[in-house]
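Asks: Below is the file query_15.pdb, with PDB, C-alpha atoms and all ligand atoms.
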```pdb
ATOM      1  CA  MET A  16      70.038  81.045 -31.226
ATOM      2  CA  SER A  17      72.500  78.382 -30.181
ATOM      3  CA  ILE A  18      75.349  78.041 -32.621
ATOM      4  CA  SER A  19      77.591  75.027 -32.965
ATOM      5  CA  ALA A  20      79.827  76.003 -35.854
ATOM      6  CA  GLU A  21      80.815  72.556 -37.070
ATOM      7  CA  SER A  22      77.342  71.134 -37.387
ATOM      8  CA  ASP A  23      75.703  74.224 -38.870
ATOM      9  CA  GLN A  24      74.808  74.131 -42.518
ATOM     10  CA  SER A  25      75.338  77.132 -44.742
ATOM     11  CA  CYS A  26      72.727  78.080 -47.321
ATOM     12  CA  ARG A  27      73.714  77.520 -50.935
ATOM     13  CA  ARG A  28      72.079  80.799 -51.949
ATOM     14  CA  CYS A  29      72.782  83.385 -49.238
ATOM     15  CA  GLY A  30      75.619  81.653 -47.389
ATOM     16  CA  THR A  31      74.202  82.185 -43.889
ATOM     17  CA  SER A  32      74.482  79.325 -41.411
ATOM     18  CA  HIS A  33      71.662  77.624 -39.585
ATOM     19  CA  PRO A  34      71.301  74.374 -37.646
ATOM     20  CA  PRO A  35      70.680  71.419 -40.003
ATOM     21  CA  SER A  36      67.160  70.999 -38.595
ATOM     22  CA  ALA A  37      66.190  74.335 -40.206
ATOM     23  CA  TYR A  38      66.714  72.741 -43.628
ATOM     24  CA  VAL A  39      64.473  69.758 -43.187
ATOM     25  CA  ASN A  40      61.540  69.703 -45.579
ATOM     26  CA  THR A  41      59.144  67.205 -47.116
ATOM     27  CA  ARG A  42      58.764  66.735 -50.855
ATOM     28  CA  GLY A  43      56.539  64.102 -52.403
ATOM     29  CA  GLY A  44      56.431  62.161 -49.158
ATOM     30  CA  ARG A  45      60.173  62.081 -48.710
ATOM     31  CA  ARG A  46      62.255  63.864 -46.148
ATOM     32  CA  VAL A  47      64.588  66.261 -47.898
ATOM     33  CA  GLN A  48      67.593  68.021 -46.441
ATOM     34  CA  LEU A  49      67.362  71.339 -48.277
ATOM     35  CA  ALA A  50      70.326  73.258 -49.629
ATOM     36  CA  VAL A  51      68.587  76.595 -49.110
ATOM     37  CA  CYS A  52      67.637  78.279 -45.851
ATOM     38  CA  PRO A  53      63.994  79.058 -44.920
ATOM     39  CA  ALA A  54      64.446  82.726 -45.868
ATOM     40  CA  CYS A  55      65.693  81.854 -49.357
ATOM     41  CA  LEU A  56      62.945  79.277 -49.669
ATOM     42  CA  ASP A  57      60.436  82.093 -49.240
ATOM     43  CA  ASP A  58      62.347  84.489 -51.474
ATOM     44  CA  PRO A  59      59.594  86.311 -53.380
ATOM     45  CA  THR A  60      61.970  87.157 -56.250
ATOM     46  CA  ILE A  61      62.173  83.492 -57.272
ATOM     47  CA  PRO A  62      59.210  82.877 -59.583
ATOM     48  CA  ARG A  63      57.328  79.768 -58.451
ATOM     49  CA  HIS A  64      55.959  78.976 -61.873
ATOM     50  CA  THR A  65      59.472  78.464 -63.268
ATOM     51  CA  HIS A  66      61.220  76.948 -60.244
ATOM     52  CA  ILE A  67      60.799  73.778 -58.239
ATOM     53  CA  LEU A  68      62.174  72.671 -54.929
ATOM     54  CA  CYS A  69      64.215  69.639 -55.986
ATOM     55  CA  ALA A  70      63.758  66.629 -53.718
ATOM     56  CA  GLU A  71      67.277  65.454 -54.518
ATOM     57  CA  CYS A  72      69.623  68.446 -54.341
ATOM     58  CA  GLY A  73      67.277  70.444 -52.100
ATOM     59  CA  ASP A  74      67.689  73.649 -54.090
ATOM     60  CA  LEU A  75      65.210  75.881 -55.865
ATOM     61  CA  CYS A  76      65.902  74.984 -59.470
ATOM     62  CA  PRO A  77      64.618  76.480 -62.705
ATOM     63  CA  ILE A  78      62.606  74.055 -64.788
ATOM     64  CA  ASP A  79      61.480  74.017 -68.408
ATOM     65  CA  GLY A  80      57.821  73.750 -69.288
ATOM     66  CA  PRO A  81      54.781  73.591 -67.056
ATOM     67  CA  ILE A  82      55.265  72.258 -63.546
ATOM     68  CA  THR A  83      53.239  69.217 -62.593
ATOM     69  CA  TYR A  84      53.252  67.003 -59.518
ATOM     70  CA  ARG A  85      55.809  64.904 -61.395
ATOM     71  CA  ASN A  86      58.445  67.602 -61.169
ATOM     72  CA  LEU A  87      59.950  66.311 -57.985
ATOM     73  CA  PHE A  88      63.517  66.676 -59.238
ATOM     74  CA  CYS A  89      65.389  69.262 -61.276
ATOM     75  CA  ALA A  90      66.625  68.177 -64.712
ATOM     76  CA  PRO A  91      70.253  67.307 -63.755
ATOM     77  CA  CYS A  92      69.099  65.382 -60.677
ATOM     78  CA  ALA A  93      66.397  63.545 -62.638
ATOM     79  CA  GLN A  94      68.968  62.568 -65.240
ATOM     80  CA  GLN A  95      71.417  61.364 -62.616
ATOM     81  CA  ARG A  96      68.748  59.320 -60.824
ATOM     82  CA  ASP A  97      67.663  57.844 -64.118
ATOM     83  CA  ARG A  98      71.190  56.797 -64.983
ATOM     84  CA  ALA A  99      71.777  55.319 -61.517
ATOM     85  CA  PHE A 100      68.486  53.437 -61.738
ATOM     86  CA  ARG A 101      69.329  52.005 -65.159
ATOM     87  CA  ARG A 102      72.792  51.014 -63.948
ATOM     88  CA  THR A 103      71.492  49.022 -60.981
ATOM     89  CA  TYR A 104      68.638  47.636 -63.050
ATOM     90  CA  ARG A 105      71.043  46.326 -65.668
ATOM     91  CA  GLN A 106      73.124  44.634 -62.953
ATOM     92  CA  GLN A 107      70.220  42.500 -61.743
ATOM     93  CA  PRO A 108      70.939  38.802 -62.479
ATOM     94  CA  ALA A 109      67.636  38.341 -64.322
ATOM     95  CA  GLU A 110      68.375  41.361 -66.539
ATOM     96  CA  LYS A 111      71.936  40.200 -67.234
ATOM     97  CA  ARG A 112      70.608  36.783 -68.170
ATOM     98  CA  LYS A 113      67.984  38.309 -70.466
ATOM     99  CA  ARG A 114      70.642  40.325 -72.307
ATOM    100  CA  LEU A 115      72.904  37.278 -72.594
ATOM    101  CA  VAL A 116      70.109  35.111 -73.993
ATOM    102  CA  TYR A 117      69.220  37.840 -76.494
ATOM    103  CA  HIS A 118      72.887  38.319 -77.445
ATOM    104  CA  VAL A 119      73.684  34.647 -78.096
ATOM    105  CA  ALA A 120      70.402  34.162 -79.951
ATOM    106  CA  THR A 121      70.694  37.146 -82.288
ATOM    107  CA  ARG A 122      74.438  37.014 -82.795
ATOM    108  CA  TYR A 123      75.072  33.262 -82.946
ATOM    109  CA  GLY A 124      71.644  31.707 -83.384
ATOM    110  CA  LEU A 125      72.253  29.892 -80.128
ATOM    111  CA  SER A 126      69.326  28.974 -77.904
ATOM    112  CA  ALA A 127      69.559  29.564 -74.177
ATOM    113  CA  ALA A 128      69.348  25.779 -73.618
ATOM    114  CA  ARG A 129      72.275  25.112 -75.967
ATOM    115  CA  TYR A 130      74.316  27.868 -74.348
ATOM    116  CA  ASP A 131      73.621  26.436 -70.888
ATOM    117  CA  ALA A 132      74.555  22.935 -72.124
ATOM    118  CA  LEU A 133      77.884  24.266 -73.432
ATOM    119  CA  MET A 134      78.477  26.056 -70.129
ATOM    120  CA  ASP A 135      77.771  22.810 -68.263
ATOM    121  CA  GLN A 136      79.995  20.751 -70.548
ATOM    122  CA  GLN A 137      82.902  23.137 -70.008
ATOM    123  CA  GLY A 138      82.236  23.549 -66.295
ATOM    124  CA  GLY A 139      81.893  27.291 -66.821
ATOM    125  CA  ARG A 140      85.520  27.501 -67.971
ATOM    126  CA  CYS A 141      87.319  28.388 -71.176
ATOM    127  CA  ALA A 142      87.543  25.507 -73.682
ATOM    128  CA  VAL A 143      91.172  26.409 -74.470
ATOM    129  CA  CYS A 144      92.975  27.450 -71.287
ATOM    130  CA  GLY A 145      90.458  26.087 -68.786
ATOM    131  CA  GLY A 146      90.403  29.403 -66.990
ATOM    132  CA  PRO A 147      87.459  31.374 -65.677
ATOM    133  CA  PRO A 148      85.874  34.139 -67.786
ATOM    134  CA  THR A 149      88.049  37.224 -68.272
ATOM    135  CA  GLY A 150      87.230  40.655 -69.619
ATOM    136  CA  GLN A 151      83.476  41.232 -69.423
ATOM    137  CA  GLY A 152      83.053  38.456 -66.871
ATOM    138  CA  ARG A 153      81.450  35.889 -69.131
ATOM    139  CA  LEU A 154      82.690  33.434 -71.727
ATOM    140  CA  HIS A 155      82.582  34.371 -75.390
ATOM    141  CA  VAL A 156      80.794  32.298 -77.955
ATOM    142  CA  ASP A 157      83.446  31.138 -80.393
ATOM    143  CA  HIS A 158      82.215  30.281 -83.843
ATOM    144  CA  ASP A 159      83.699  29.110 -87.116
ATOM    145  CA  HIS A 160      83.667  32.190 -89.320
ATOM    146  CA  ALA A 161      83.354  30.102 -92.481
ATOM    147  CA  THR A 162      80.400  27.971 -91.393
ATOM    148  CA  SER A 163      79.155  30.205 -88.530
ATOM    149  CA  LEU A 164      78.810  27.049 -86.431
ATOM    150  CA  VAL A 165      79.441  27.505 -82.721
ATOM    151  CA  ARG A 166      82.600  25.705 -81.611
ATOM    152  CA  GLY A 167      82.615  26.439 -77.906
ATOM    153  CA  LEU A 168      82.922  29.048 -75.202
ATOM    154  CA  LEU A 169      86.213  30.846 -74.668
ATOM    155  CA  CYS A 170      87.609  33.373 -72.245
ATOM    156  CA  HIS A 171      88.256  36.841 -73.641
ATOM    157  CA  ASP A 172      92.007  36.303 -73.943
ATOM    158  CA  CYS A 173      91.818  32.992 -75.786
ATOM    159  CA  ASN A 174      89.054  34.278 -78.010
ATOM    160  CA  THR A 175      91.029  37.341 -79.106
ATOM    161  CA  GLY A 176      94.234  35.262 -79.263
ATOM    162  CA  ILE A 177      92.762  32.784 -81.709
ATOM    163  CA  GLY A 178      91.146  35.623 -83.610
ATOM    164  CA  SER A 179      94.438  37.505 -83.892
ATOM    165  CA  LEU A 180      95.976  34.402 -85.469
ATOM    166  CA  LYS A 181      93.074  34.438 -87.914
ATOM    167  CA  ASP A 182      91.579  31.132 -86.669
ATOM    168  CA  ASP A 183      94.216  29.553 -88.893
ATOM    169  CA  LEU A 184      95.551  26.137 -87.820
ATOM    170  CA  SER A 185      98.750  26.474 -89.839
ATOM    171  CA  ILE A 186      99.528  29.837 -88.222
ATOM    172  CA  LEU A 187      98.676  28.462 -84.769
ATOM    173  CA  ARG A 188     100.927  25.416 -85.365
ATOM    174  CA  ALA A 189     103.681  27.672 -86.668
ATOM    175  CA  ALA A 190     103.366  29.775 -83.515
ATOM    176  CA  VAL A 191     103.688  26.653 -81.341
ATOM    177  CA  ALA A 192     106.698  25.464 -83.355
ATOM    178  CA  TYR A 193     108.273  28.883 -83.052
ATOM    179  CA  LEU A 194     107.810  28.998 -79.255
ATOM    180  CA  GLU A 195     109.183  25.462 -78.901
ATOM    181  CA  ARG A 196     112.210  26.346 -81.020
ATOM    182  CA  GLN A 197     112.865  29.461 -78.985
ATOM    183  CA  SER A 198     112.630  27.637 -75.658
ATOM    184  CA  GLY A 199     115.060  25.013 -76.988
ATOM    185  CA  ARG A 200     112.625  22.099 -76.754
TER     186      ARG A 200
HETATM  187 ZN    ZN P 301      69.584  81.453 -47.657
HETATM  188 ZN    ZN P 302      68.195  68.900 -58.101
HETATM  189 ZN    ZN P 303      91.016  30.905 -72.214
END
```
Is it possible to give me this structure as structure tokens?

Replies:
Amino acid sequence: MSISAESDQSCRRCGTSHPPSAYVNTRGGRRVQLAVCPACLDDPTIPRHTHILCAECGDLCPIDGPITYRNLFCAPCAQQRDRAFRRTYRQQPAEKRKRLVYHVATRYGLSAARYDALMDQQGGRCAVCGGPPTGQGRLHVDHDHATSLVRGLLCHDCNTGIGSLKDDLSILRAAVAYLERQSGR
């Protein structure tokens, strides 16, 4: 057997080294680089009715319940793939849009058309500072807490700033007066 130490892969179970080609296998139509060597793969002490060859981590993994053709991945790998799938799925523009439309409708009673019109009116920028969205990457719907009417779209900073000053004009004016006094204007 020809041995090239750096490229050899050691078996996760027995630790012996073999060329990477010895670990190639096929699971569910996909090419899997196994983590276990051929000898360990055929280990008769590993019960086949409780273990599967995971198509993700390439190890013989114990599995709960009856094994069906669906058990392509072990539980941790399945969970990880699921999470990764959901993450990328949620990042798709159409999905982001769907969540936004749902959010503004349920939270502020704002239709998608009205939200888009506001966005257009403000050129996609904050109605107070004129800056681009901050924080979560989109503008917040600012509404009058007393009447629950939508006033406009604000960046995260302006939205929380106004909120911290309790949406109160007299406090906001007092804050302006204070800053002007302090800067000697
Ligand atoms: Zn092995
Ligand atoms: Zn796995
Ligand atoms: Zn702003």

Asks: Could you name the residues that touch Cys69 (chain A) at 6 Å or less, counting only C-alpha atoms, but leaving out those on the same chain fewer than 4 positions away, as a ChimeraX atom specification?

Replies: /A:73-74,87-89

Asks: Taking the file as shown, what set of residues would the PyMOL selection byres (((not hetatm)) within 10 of (chain P and resi 302)) give back, as a list in words?

Replies: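 Applied to this file, the PyMOL selection byres (((not hetatm)) within 10 of (chain P and resi 302)) selects Ala50, Ile67, Leu68, Cys69, Ala70, Glu71, Cys72, Gly73, Asp74, Leu75, Cys76, Pro77, Leu87, Phe88, Cys89, Ala90, Pro91, Cys92, Ala93, Gln94, Gln95 and Arg96 of chain A.
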
Asks: Emit the selected residues as a compact mmCIF listing (two decimals), in the frame of the given file, including C-alpha atoms.

Replies:
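Heads up, here's the output in part31.txt:
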```txt
# COMPACT_ATOMS: atom_id res chain seq x y z
CA ALA A 50 70.33 73.26 -49.63
CA ILE A 67 60.80 73.78 -58.24
CA LEU A 68 62.17 72.67 -54.93
CA CYS A 69 64.22 69.64 -55.99
CA ALA A 70 63.76 66.63 -53.72
CA GLU A 71 67.28 65.45 -54.52
CA CYS A 72 69.62 68.45 -54.34
CA GLY A 73 67.28 70.44 -52.10
CA ASP A 74 67.69 73.65 -54.09
CA LEU A 75 65.21 75.88 -55.86
CA CYS A 76 65.90 74.98 -59.47
CA PRO A 77 64.62 76.48 -62.70
CA LEU A 87 59.95 66.31 -57.98
CA PHE A 88 63.52 66.68 -59.24
CA CYS A 89 65.39 69.26 -61.28
CA ALA A 90 66.62 68.18 -64.71
CA PRO A 91 70.25 67.31 -63.76
CA CYS A 92 69.10 65.38 -60.68
CA ALA A 93 66.40 63.54 -62.64
CA GLN A 94 68.97 62.57 -65.24
CA GLN A 95 71.42 61.36 -62.62
CA ARG A 96 68.75 59.32 -60.82
```

Asks: Would you tabulate, counting only C-alpha atoms and all ligand atoms, all residues of chain A that have an atom at most 9 Å from an atom of ligand ZN 303 (chain P), showing the closest pair of atoms and their distance in Å to one decimal, sorted by chain then ascending number, as CSV?

Replies:
```
residue,atom,partner,partner_atom,distance
A:Arg140,CA,P:ZN303,ZN,7.7
A:Cys141,CA,P:ZN303,ZN,4.6
A:Ala142,CA,P:ZN303,ZN,6.6
A:Val143,CA,P:ZN303,ZN,5.0
A:Cys144,CA,P:ZN303,ZN,4.1
A:Gly145,CA,P:ZN303,ZN,5.9
A:Gly146,CA,P:ZN303,ZN,5.5
A:Pro147,CA,P:ZN303,ZN,7.5
A:Pro148,CA,P:ZN303,ZN,7.5
A:Thr149,CA,P:ZN303,ZN,8.0
A:Leu154,CA,P:ZN303,ZN,8.7
A:Leu168,CA,P:ZN303,ZN,8.8
A:Leu169,CA,P:ZN303,ZN,5.4
A:Cys170,CA,P:ZN303,ZN,4.2
A:His171,CA,P:ZN303,ZN,6.7
A:Asp172,CA,P:ZN303,ZN,5.8
A:Cys173,CA,P:ZN303,ZN,4.2
A:Asn174,CA,P:ZN303,ZN,7.0
A:Gly176,CA,P:ZN303,ZN,8.9
```

Asks: Can you pull out the residues contacting region 118-130 of chain A? Cut-off 12 Å, using only C-alpha atoms, and skip same-chain residues under 5 positions away; I want them as a PyMOL selection string.

Replies: chain A and resi 111-113+135-137+139+153-160+162-168

Asks: Run the PyMOL selection byres (((chain A and resi 31) around 12) and not hetatm) on the file and write out the hits as a list of chain:residue names.

Replies: A:Ala20, A:Asp23, A:Gln24, A:Ser25, A:Cys26, A:Arg27, A:Arg28, A:Cys29, A:Gly30, A:Ser32, A:His33, A:Pro34, A:Pro35, A:Ala37, A:Ala50, A:Val51, A:Cys52, A:Pro53, A:Ala54, A:Cys55

Asks: Identify which of the residues A:Leu56, A:Val191, A:Ala132, A:Ile78 lies closest to ligand ZN 301 (chain P), counting all atoms listed in the file when measuring atom-to-atom distances.

Replies: A:Leu56

Asks: What is the CA of Ser198 (chain A)-CA of Ser179 (chain A) distance in Å, reported with one decimal?

Replies: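 We find that CA of Ser198 (chain A) and CA of Ser179 (chain A) lie 22.3 Å from each other.
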
Asks: Once the PyMOL selection byres (((chain A and resi 43) around 10) and not hetatm) has been evaluated on this model, what residues remain selected, and can you format them as a ChimeraX atom specification?

Replies: /A:41-42,44-47,70,84-87
